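As provided, entry-v5.csv (CSV, C-alpha atoms and all ligand atoms) reads as follows.
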```
chain,number,residue,atom,x,y,z
H,1,MET,CA,111.2,49.0,44.2
H,2,VAL,CA,112.9,50.5,47.3
H,3,THR,CA,115.4,53.1,46.2
H,4,ARG,CA,118.5,53.8,48.1
H,5,ARG,CA,117.0,57.0,49.3
H,6,ASP,CA,113.8,55.4,50.5
H,7,ALA,CA,115.9,53.0,52.4
H,8,LEU,CA,117.9,55.8,54.0
H,9,LEU,CA,114.8,57.6,54.9
H,10,GLY,CA,113.6,54.8,57.1
H,11,GLY,CA,112.3,52.2,54.7
H,12,ALA,CA,112.9,48.5,54.6
H,13,LEU,CA,116.6,48.4,55.1
H,14,ILE,CA,116.9,50.2,58.4
H,15,ALA,CA,118.1,47.2,60.4
H,16,ALA,CA,120.7,46.3,57.9
H,17,SER,CA,122.1,49.8,57.6
H,18,PRO,CA,123.4,51.2,60.8
H,19,TYR,CA,123.9,54.7,59.3
H,20,VAL,CA,120.4,55.3,58.2
H,21,ILE,CA,118.3,57.9,59.7
H,22,THR,CA,116.5,56.8,62.8
H,23,LYS,CA,113.5,58.5,64.2
H,24,ALA,CA,114.7,61.4,66.4
H,25,ALA,CA,114.2,60.9,70.1
H,26,ALA,CA,111.5,62.8,71.8
H,27,SER,CA,114.0,65.0,73.6
H,28,GLU,CA,115.4,66.0,70.2
H,29,VAL,CA,112.2,67.3,68.8
H,30,MET,CA,110.3,69.9,70.7
H,31,ASN,CA,106.7,71.1,70.5
H,32,THR,CA,106.4,74.9,71.2
H,33,SER,CA,103.0,75.4,69.6
H,34,ASP,CA,101.4,76.4,72.9
H,35,ALA,CA,103.7,79.3,73.5
H,36,ALA,CA,102.3,82.8,73.4
H,37,PRO,CA,102.9,84.5,70.0
H,38,VAL,CA,105.4,87.3,69.7
H,39,ASP,CA,104.5,90.2,67.5
H,40,LEU,CA,107.5,91.4,65.5
H,41,SER,CA,105.4,93.0,62.7
H,42,SER,CA,106.7,96.5,63.5
H,43,MET,CA,110.3,95.4,63.4
H,44,PRO,CA,112.3,96.2,60.3
H,45,ARG,CA,113.5,93.3,58.3
H,46,ARG,CA,116.7,92.9,56.3
H,47,LYS,CA,118.1,90.2,54.2
H,48,HIS,CA,121.8,89.2,53.8
H,49,LYS,CA,123.1,86.9,51.1
H,50,LEU,CA,125.7,84.7,52.7
H,51,VAL,CA,129.2,84.4,51.1
H,52,ALA,CA,131.6,81.5,51.2
H,53,PRO,CA,134.4,81.7,53.8
H,54,PRO,CA,137.1,83.0,54.3
H,55,PHE,CA,135.0,86.0,53.2
H,56,VAL,CA,132.3,87.7,55.2
H,57,HIS,CA,129.1,89.4,53.9
H,58,GLU,CA,129.0,93.1,54.0
H,59,HIS,CA,128.0,94.5,57.4
H,60,GLU,CA,128.2,97.6,59.6
H,61,GLN,CA,130.6,97.4,62.5
H,62,VAL,CA,128.8,100.1,64.5
H,63,SER,CA,125.1,99.7,63.9
H,64,THR,CA,123.4,102.9,62.6
H,65,VAL,CA,120.0,101.4,62.5
H,66,PRO,CA,117.6,100.0,65.2
H,67,PRO,CA,117.4,96.2,65.9
H,68,ALA,CA,115.9,94.3,63.0
H,69,VAL,CA,115.0,90.8,61.9
H,70,VAL,CA,118.0,89.8,59.9
H,71,GLN,CA,117.1,87.1,57.4
H,72,PHE,CA,119.5,84.5,56.0
H,73,GLU,CA,119.0,81.4,53.9
H,74,MET,CA,121.2,78.3,53.8
H,75,ASN,CA,121.0,75.2,51.6
H,76,ILE,CA,122.4,71.9,53.1
H,77,ILE,CA,124.5,70.2,50.5
H,78,GLU,CA,125.8,66.7,50.7
H,79,LYS,CA,128.6,66.1,48.1
H,80,GLU,CA,132.0,64.5,47.6
H,81,VAL,CA,134.7,67.1,48.2
H,82,GLN,CA,138.4,66.7,47.5
H,83,ILE,CA,140.2,67.7,50.8
H,84,ASP,CA,143.7,66.9,49.7
H,85,ASP,CA,145.5,65.7,46.5
H,86,ASP,CA,144.8,62.1,47.3
H,87,THR,CA,141.8,62.4,49.6
H,88,TYR,CA,138.1,62.7,49.2
H,89,LEU,CA,135.4,63.2,51.7
H,90,GLN,CA,131.7,62.5,51.5
H,91,ALA,CA,130.9,65.9,52.9
H,92,MET,CA,127.8,67.4,54.5
H,93,THR,CA,127.8,71.1,54.3
H,94,PHE,CA,125.9,74.3,55.2
H,95,ASN,CA,125.6,76.2,51.9
H,96,GLY,CA,128.2,74.0,50.1
H,97,SER,CA,131.3,75.2,52.0
H,98,MET,CA,133.4,74.0,54.9
H,99,PRO,CA,133.0,75.8,57.2
H,100,GLY,CA,129.5,77.1,56.5
H,101,PRO,CA,129.3,80.9,56.0
H,102,LEU,CA,129.8,83.4,58.8
H,103,MET,CA,126.7,85.3,59.6
H,104,VAL,CA,127.0,88.8,61.1
H,105,VAL,CA,124.3,90.6,63.1
H,106,HIS,CA,124.2,93.0,66.0
H,107,GLU,CA,123.2,92.3,69.6
H,108,GLY,CA,119.5,92.7,69.9
H,109,ASP,CA,118.8,91.7,66.3
H,110,TYR,CA,116.7,88.7,65.5
H,111,VAL,CA,118.4,86.0,63.3
H,112,GLU,CA,115.9,84.4,61.0
H,113,LEU,CA,117.3,81.5,59.1
H,114,THR,CA,115.5,79.5,56.4
H,115,LEU,CA,117.2,76.2,56.2
H,116,TYR,CA,116.7,74.0,53.1
H,117,ASN,CA,117.4,70.2,53.0
H,118,PRO,CA,117.1,69.5,49.2
H,119,PRO,CA,115.4,66.3,48.1
H,120,GLU,CA,118.6,64.8,46.6
H,121,ASN,CA,120.2,64.6,50.1
H,122,LEU,CA,120.2,61.4,52.0
H,123,MET,CA,120.2,62.6,55.6
H,124,GLN,CA,118.2,64.5,58.1
H,125,HIS,CA,119.9,67.6,59.3
H,126,ASN,CA,119.3,70.5,61.7
H,127,ILE,CA,121.1,73.5,63.2
H,128,ASP,CA,122.3,74.2,66.7
H,129,PHE,CA,123.3,77.8,67.2
H,130,HIS,CA,125.5,78.3,70.2
H,131,ALA,CA,124.4,81.9,70.1
H,132,ALA,CA,120.8,81.0,70.7
H,133,THR,CA,118.8,80.2,73.8
H,134,GLY,CA,116.6,77.1,74.3
H,135,ALA,CA,115.6,74.0,72.2
H,136,LEU,CA,119.1,72.7,72.0
H,137,GLY,CA,120.2,75.9,70.3
H,138,GLY,CA,117.4,75.5,67.8
H,139,GLY,CA,118.4,71.9,67.0
H,140,SER,CA,115.1,70.5,68.3
H,141,LEU,CA,113.0,72.9,66.2
H,142,THR,CA,114.9,72.5,62.9
H,143,LEU,CA,115.2,68.8,62.1
H,144,VAL,CA,114.5,68.6,58.4
H,145,ASN,CA,114.2,65.5,56.1
H,146,PRO,CA,115.4,65.7,52.5
H,147,GLY,CA,112.8,67.8,50.6
H,148,GLU,CA,111.9,69.8,53.7
H,149,LYS,CA,112.7,73.4,54.8
H,150,THR,CA,112.4,75.1,58.1
H,151,VAL,CA,112.5,78.6,59.4
H,152,LEU,CA,114.0,79.4,62.8
H,153,ARG,CA,114.2,82.8,64.5
H,154,PHE,CA,116.2,83.5,67.6
H,155,LYS,CA,117.2,86.7,69.4
H,156,ALA,CA,120.9,87.5,69.4
H,157,THR,CA,121.1,88.5,73.1
H,158,ARG,CA,124.9,87.9,73.6
H,159,PRO,CA,127.6,89.6,71.7
H,160,GLY,CA,130.5,87.4,70.4
H,161,THR,CA,131.5,84.8,67.9
H,162,PHE,CA,129.7,81.5,68.3
H,163,VAL,CA,129.7,78.2,66.5
H,164,TYR,CA,126.7,76.7,64.8
H,165,HIS,CA,126.6,73.1,63.7
H,166,CYS,CA,124.3,70.2,62.7
H,167,ALA,CA,123.2,68.1,65.6
H,168,PRO,CA,120.6,65.6,64.4
H,169,GLY,CA,120.8,63.3,67.4
H,170,GLY,CA,123.0,60.5,68.8
H,171,PRO,CA,126.1,59.4,66.9
H,172,MET,CA,124.8,61.5,63.9
H,173,ILE,CA,126.0,64.6,65.8
H,174,PRO,CA,129.8,64.0,65.8
H,175,TRP,CA,129.6,62.4,62.4
H,176,HIS,CA,127.8,65.3,60.7
H,177,VAL,CA,130.2,67.8,62.4
H,178,VAL,CA,133.3,66.0,61.3
H,179,SER,CA,131.8,65.7,57.8
H,180,GLY,CA,131.8,69.4,57.5
H,181,MET,CA,128.6,70.7,59.1
H,182,SER,CA,129.7,73.7,61.2
H,183,GLY,CA,130.1,77.4,60.8
H,184,ALA,CA,129.9,80.5,62.9
H,185,ILE,CA,127.9,83.6,63.6
H,186,MET,CA,129.4,86.9,64.9
H,187,VAL,CA,127.1,89.0,67.0
H,188,LEU,CA,128.6,92.5,67.2
H,189,PRO,CA,127.8,94.9,70.0
H,190,ARG,CA,125.6,97.6,68.5
H,191,ASP,CA,128.3,100.2,69.1
H,192,GLY,CA,131.0,98.0,67.7
H,193,LEU,CA,134.1,96.4,69.2
H,194,LYS,CA,136.0,97.9,72.2
H,195,ASP,CA,139.6,97.5,73.2
H,196,HIS,CA,141.0,96.6,76.7
H,197,GLU,CA,140.3,100.2,77.8
H,198,ASN,CA,136.7,100.1,76.4
H,199,LYS,CA,137.7,102.4,73.5
H,200,PRO,CA,136.2,101.7,70.1
H,201,VAL,CA,138.2,99.7,67.7
H,202,SER,CA,137.4,98.7,64.1
H,203,TYR,CA,138.7,96.4,61.4
H,204,ASP,CA,139.6,97.1,57.8
H,205,ARG,CA,138.8,93.6,56.8
H,206,ALA,CA,137.6,90.4,58.4
H,207,TYR,CA,138.3,86.8,57.5
H,208,TYR,CA,136.6,83.8,58.8
H,209,ILE,CA,138.8,80.7,59.2
H,210,GLY,CA,136.9,77.5,60.0
H,211,GLU,CA,139.1,74.7,61.1
H,212,ASN,CA,137.9,71.1,60.5
H,213,ASP,CA,139.3,67.8,61.7
H,214,PHE,CA,138.7,65.0,59.3
H,215,TYR,CA,138.9,61.2,59.8
H,216,ILE,CA,139.3,59.5,56.4
H,217,PRO,CA,139.6,55.7,56.5
H,218,LYS,CA,142.3,53.9,54.5
H,219,ASP,CA,142.0,50.7,52.5
H,220,GLU,CA,144.3,47.7,52.8
H,221,ASN,CA,146.9,49.3,50.5
H,222,GLY,CA,147.1,52.4,52.7
H,223,ASP,CA,145.2,54.6,50.3
H,224,TYR,CA,142.4,56.9,51.4
H,225,MET,CA,139.1,55.3,50.6
H,226,ARG,CA,136.4,56.9,48.5
H,227,PHE,CA,132.7,56.2,48.9
H,228,GLU,CA,129.6,56.1,46.8
H,229,ASP,CA,127.7,58.5,49.1
H,230,VAL,CA,127.7,59.9,52.5
H,231,GLY,CA,125.8,57.0,54.0
H,232,GLU,CA,128.2,54.4,52.7
H,233,SER,CA,131.1,56.3,54.3
H,234,TYR,CA,129.7,56.0,57.8
H,235,SER,CA,130.9,52.8,59.4
H,236,ASP,CA,134.6,53.0,58.2
H,237,THR,CA,134.7,56.7,59.1
H,238,LEU,CA,133.3,56.0,62.6
H,239,GLU,CA,136.1,53.6,63.3
H,240,VAL,CA,138.7,56.3,62.5
H,241,MET,CA,136.7,58.9,64.4
H,242,ASN,CA,136.6,56.8,67.5
H,243,GLY,CA,140.4,56.7,67.5
H,244,LEU,CA,140.3,60.5,68.0
H,245,ILE,CA,143.3,61.0,65.7
H,246,PRO,CA,142.4,63.1,62.6
H,247,THR,CA,143.9,62.3,59.3
H,248,HIS,CA,143.5,65.9,58.1
H,249,VAL,CA,143.2,69.2,59.9
H,250,THR,CA,142.2,71.9,57.5
H,251,PHE,CA,141.3,75.5,57.2
H,252,ASN,CA,138.5,76.1,54.8
H,253,GLY,CA,137.8,72.5,54.2
H,254,LYS,CA,140.9,71.5,52.1
H,255,VAL,CA,144.6,71.2,52.6
H,256,GLY,CA,146.1,74.4,51.0
H,257,ALA,CA,142.7,76.1,50.6
H,258,LEU,CA,144.1,79.3,52.0
H,259,THR,CA,147.6,79.2,50.6
H,260,GLY,CA,148.7,79.9,47.0
H,261,GLU,CA,145.8,81.3,45.0
H,262,GLY,CA,143.6,81.1,48.0
H,263,ALA,CA,146.0,83.1,50.3
H,264,LEU,CA,144.4,85.9,52.3
H,265,THR,CA,145.6,89.4,51.6
H,266,ALA,CA,146.1,92.6,53.5
H,267,LYS,CA,147.9,95.9,53.4
H,268,GLN,CA,150.5,97.2,55.8
H,269,GLY,CA,148.7,99.3,58.4
H,270,GLU,CA,145.4,97.5,58.1
H,271,ASN,CA,143.6,96.0,61.1
H,272,VAL,CA,142.5,92.5,60.2
H,273,LEU,CA,140.0,90.6,62.2
H,274,PHE,CA,140.4,86.8,62.2
H,275,VAL,CA,137.4,84.8,63.3
H,276,HIS,CA,138.5,81.2,64.0
H,277,SER,CA,136.0,78.4,64.7
H,278,GLN,CA,136.5,74.8,65.6
H,279,ALA,CA,133.3,72.9,66.3
H,280,ASN,CA,134.8,69.7,67.5
H,281,ARG,CA,138.4,69.9,68.7
H,282,ASP,CA,140.8,72.3,70.3
H,283,SER,CA,143.0,74.5,68.3
H,284,ARG,CA,145.7,77.1,68.9
H,285,PRO,CA,145.9,79.8,66.2
H,286,HIS,CA,149.3,81.5,65.8
H,287,LEU,CA,150.3,84.1,63.2
H,288,ILE,CA,154.0,83.5,62.4
H,289,GLY,CA,155.8,86.8,62.4
H,290,GLY,CA,152.7,88.6,63.9
H,291,HIS,CA,150.6,88.7,67.0
H,292,GLY,CA,147.1,89.1,68.3
H,293,ASP,CA,146.9,92.8,69.2
H,294,LEU,CA,143.5,92.3,70.8
H,295,VAL,CA,142.2,88.7,71.2
H,296,TRP,CA,138.8,87.6,72.4
H,297,GLU,CA,140.0,84.1,72.9
H,298,THR,CA,136.7,82.8,73.9
H,299,GLY,CA,135.1,85.1,71.3
H,300,LYS,CA,132.8,86.9,73.7
H,301,PHE,CA,132.8,90.7,73.3
H,302,ASN,CA,131.4,91.5,76.8
H,303,ASN,CA,134.8,90.4,78.1
H,304,PRO,CA,137.8,92.6,77.6
H,305,PRO,CA,140.2,91.4,75.0
H,306,GLU,CA,143.7,90.1,75.8
H,307,ARG,CA,146.6,91.9,74.3
H,308,ASP,CA,149.8,91.0,72.5
H,309,LEU,CA,149.2,87.3,72.3
H,310,GLU,CA,151.6,85.0,70.5
H,311,THR,CA,149.1,82.1,70.3
H,312,TRP,CA,145.5,81.8,71.4
H,313,PHE,CA,143.4,78.9,72.3
H,314,ILE,CA,140.2,77.9,70.6
H,315,ARG,CA,138.2,75.4,72.6
H,316,GLY,CA,136.5,72.7,70.6
H,317,GLY,CA,133.0,73.9,70.1
H,318,SER,CA,133.8,77.6,70.1
H,319,ALA,CA,134.8,80.5,67.9
H,320,GLY,CA,137.3,83.2,68.9
H,321,ALA,CA,138.4,86.5,67.3
H,322,ALA,CA,141.8,88.2,67.0
H,323,LEU,CA,142.5,91.7,65.7
H,324,TYR,CA,146.0,92.4,64.3
H,325,GLU,CA,147.5,95.4,62.5
H,326,PHE,CA,150.0,94.2,60.0
H,327,LEU,CA,153.2,96.3,60.5
H,328,GLN,CA,155.5,94.6,58.0
H,329,PRO,CA,154.9,93.4,54.4
H,330,GLY,CA,155.5,89.8,53.3
H,331,VAL,CA,154.1,86.4,53.7
H,332,TYR,CA,152.7,85.5,57.1
H,333,ALA,CA,151.7,81.9,57.9
H,334,TYR,CA,148.5,81.6,60.0
H,335,VAL,CA,148.7,78.2,61.6
H,336,ASN,CA,147.4,75.9,64.2
H,337,HIS,CA,150.5,75.8,66.5
H,338,ASN,CA,150.3,72.1,66.9
H,339,LEU,CA,152.9,72.2,64.1
H,340,ILE,CA,152.2,68.6,63.2
H,341,GLU,CA,148.7,69.6,62.4
H,342,ALA,CA,149.8,72.7,60.7
H,343,VAL,CA,152.5,71.3,58.4
H,344,ASN,CA,151.7,67.6,58.1
H,345,LEU,CA,147.9,67.5,58.4
H,346,GLY,CA,147.0,70.8,56.7
H,347,ALA,CA,146.2,73.6,59.2
H,348,THR,CA,148.1,76.4,57.5
H,349,ALA,CA,146.9,79.6,55.8
H,350,HIS,CA,149.0,82.4,54.3
H,351,VAL,CA,148.4,86.1,54.5
H,352,LEU,CA,150.1,88.2,51.8
H,353,VAL,CA,150.8,91.7,53.0
H,354,GLU,CA,151.7,94.6,50.7
H,355,GLY,CA,153.8,97.4,52.0
H,356,ASN,CA,157.3,98.7,52.7
H,357,TRP,CA,159.7,96.9,55.0
H,358,ASN,CA,160.5,98.6,58.3
H,359,ASN,CA,164.1,98.1,59.2
H,360,ASP,CA,163.5,99.5,62.7
H,361,LEU,CA,161.3,96.6,63.6
H,362,MET,CA,163.6,94.0,62.0
H,363,GLU,CA,166.7,94.2,59.9
H,364,GLN,CA,168.9,91.6,58.3
H,365,VAL,CA,172.2,93.1,59.5
H,366,VAL,CA,174.4,90.5,57.7
H,367,ALA,CA,172.9,88.2,55.1
H,368,PRO,CA,173.9,84.5,55.5
H,369,VAL,CA,177.6,84.3,54.6
H,370,GLU,CA,180.5,81.8,55.2
H,371,TYR,CA,182.7,82.7,58.1
H,372,ASP,CA,186.3,82.1,59.2
H,373,VAL,CA,185.9,79.0,61.3
H,374,ALA,CA,189.5,79.4,62.7
H,375,HIS,CA,188.8,82.8,64.2
H,376,GLU,CA,185.1,83.3,64.6
H,377,GLY,CA,182.3,81.7,66.5
H,378,LYS,CA,184.2,80.4,69.5
H,379,THR,CA,183.3,83.5,71.5
H,380,ALA,CA,179.7,82.4,71.7
H,381,LEU,CA,180.5,79.4,73.9
H,382,PRO,CA,180.5,79.8,77.7
W,401,CU,CU,123.6,67.3,59.3
```
Could I get this file's structure written as structure tokens?
Ligand SMILES: [Cu+2]
Amino acid sequence: MVTRRDALLGGALIAASPYVITKAAASEVMNTSDAAPVDLSSMPRRKHKLVAPPFVHEHEQVSTVPPAVVQFEMNIIEKEVQIDDDTYLQAMTFNGSMPGPLMVVHEGDYVELTLYNPPENLMQHNIDFHAATGALGGGSLTLVNPGEKTVLRFKATRPGTFVYHCAPGGPMIPWHVVSGMSGAIMVLPRDGLKDHENKPVSYDRAYYIGENDFYIPKDENGDYMRFEDVGESYSDTLEVMNGLIPTHVTFNGKVGALTGEGALTAKQGENVLFVHSQANRDSRPHLIGGHGDLVWETGKFNNPPERDLETWFIRGGSAGAALYEFLQPGVYAYVNHNLIEAVNLGATAHVLVEGNWNNDLMEQVVAPVEYDVAHEGKTALP
């Protein structure tokens, strides 16, 4: 009997199932076996366990150790995920989260990723690191079938925040990305971040906000459709994708993931680094009631940061970083300042800041009160 999985892996039903895995094109799989070996045996090795966003694994900001091979592991997980009260996505994920985890290394380190594609998955996957050099960012050296693993090592030669995403070839590329398969890596300068005057700056906490645009088909009643598995979702999803209008735009993979119980927290006086990625589509982060003190809009730390920004631009396929010292307590909304996307489609996070209100920066001089319409207010008009 041909199981559904056999079929998806290239068995008898390929012709009938447009979404099934097709053999990768030659240009998408690279043979590097003739290359001269590199001896890294004297390099120290370190292993970091990745954590789910918006959190970031422990790391040094200023490196106190020599360059090392920094090892990470990720599992690719295909699963149905609820992305809103009434909406489910057949998701494809790095390590079970959307976005995938933020990796942090220093310039000159080697990133060594072990990538597992568990046998229960249906699809081929790989990983394209925008921080890496050659082989389609590693994509053409990492294509794994269900049940396979691969190990990729690349040298982190450029400091900055960079997207990684799945790119298994052809129309699978955008589909896997808008099904959740993206994340980011932060390559810090060995001596840490520098401000606009090249003076050292540091952060008290870092959050990683991954923005996703989702394209969920509706049925004839106008309800969002649910699917048996990721493969079955392909053709209807493709139709919505090709219209280029997302049905959902989320932070952390779900409407409301970073509000309420999931809200980010900070204390007055803390410097918070927000790393923001969007692997597919432009975004414009804005912190309502706050600013970007120092913003690496393109995320690349060799360029001086911009100062005092109200809104910054994240180009689709990139990750940026913004540093802000919270000066007032209260609730801040961190949004995509396309406000339709923020409010109606989901791209809103909250930051709850503890502290003491500073009336010098802002004071409510008169609380809202009724006024004498006969005598007041006319003076405002020209
Ligand atoms: Cu994939």
Note to self: If we count all atoms listed in the file and set the cut-off at 10 Å, which residues sit around stretch 195-198 of chain H, ignoring sequence neighbours fewer than 6 positions away in its own chain? Please answer as a ChimeraX atom specification.
What the structure shows: /H:293-296,301,303-307,323
Notebook entry, point to check: Counting all atoms listed in the file, what is within 9 Å of stretch 103-118 of chain H, bar same-chain residues fewer than 3 positions away, as JSON, numbers by chain?
Noted result: {"H": [48, 50, 51, 56, 57, 58, 59, 60, 61, 62, 63, 66, 67, 68, 69, 70, 71, 72, 73, 74, 75, 76, 77, 94, 121, 123, 124, 125, 126, 127, 142, 144, 145, 146, 147, 148, 149, 150, 151, 152, 153, 154, 155, 156, 157, 158, 159, 160, 183, 184, 185, 186, 187, 188, 189, 190, 191, 192]}
Note to self: Rounded to one decimal, what separation in Å do you get between atom CA of H:Thr237 and atom CA of H:Gly222?
What the structure shows: 14.6 Å
Margin query: Show me, as a PyMOL selection string, the residues that have an atom within 10 Å of H:Met225 when counting all atoms listed in the file, minus same-chain residues fewer than 6 positions from it.
Written below: chain H and resi 86-89+216-219+233+236-237
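Distance annotation: of H:Asp128, H:Glu80, H:Glu297, H:Asp39, the residue with the minimal separation from ligand CU 401 (chain W) is H:Asp128; atom set is only C-alpha atoms and all ligand atoms.
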Next item on the list: Using only C-alpha atoms, pick whichever of H:Ser202, H:Thr348, H:Asn242, H:Ser283 has the shortest atom-to-atom distance to H:Gly260.
Entry: H:Thr348
Notebook entry, point to check: Any idea what the distance is between atom CA of H:Leu361 and atom CA of H:Gly320?
Noted result: 28.0 Å
Next item on the list: Kindly indicate which residue among H:Ala36, H:Leu238, H:Ala349, H:Leu287 lies nearest to H:Thr250, using only C-alpha atoms for the distances.
Entry: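 Smallest distance to H:Thr250 is found for H:Ala349.
Taking all atoms listed in the file into account, H:Gln90 lies nearest to H:Val230 out of the set H:Leu339, H:Leu40, H:Leu244, H:Val230.
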Check: Could you state the separation of atom CA of H:Ala266 and atom CA of H:Phe326 in Å, given to one decimal place?
Finding: 7.7 Å
Next item on the list: Pick out the closest residue to H:Leu345 from this set: H:Ser235, H:Ser277, H:Thr93, H:Thr247. Count only C-alpha atoms.
Entry: H:Thr247
Notebook entry, point to check: From the list H:Leu327, H:Ile340, H:Leu193, H:Ala167, which residue is nearest ligand CU 401 (chain W) when using all atoms listed in the file?
Noted result: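 Once distances to ligand CU 401 (chain W) are computed over all atoms listed in the file, the minimum belongs to H:Ala167.
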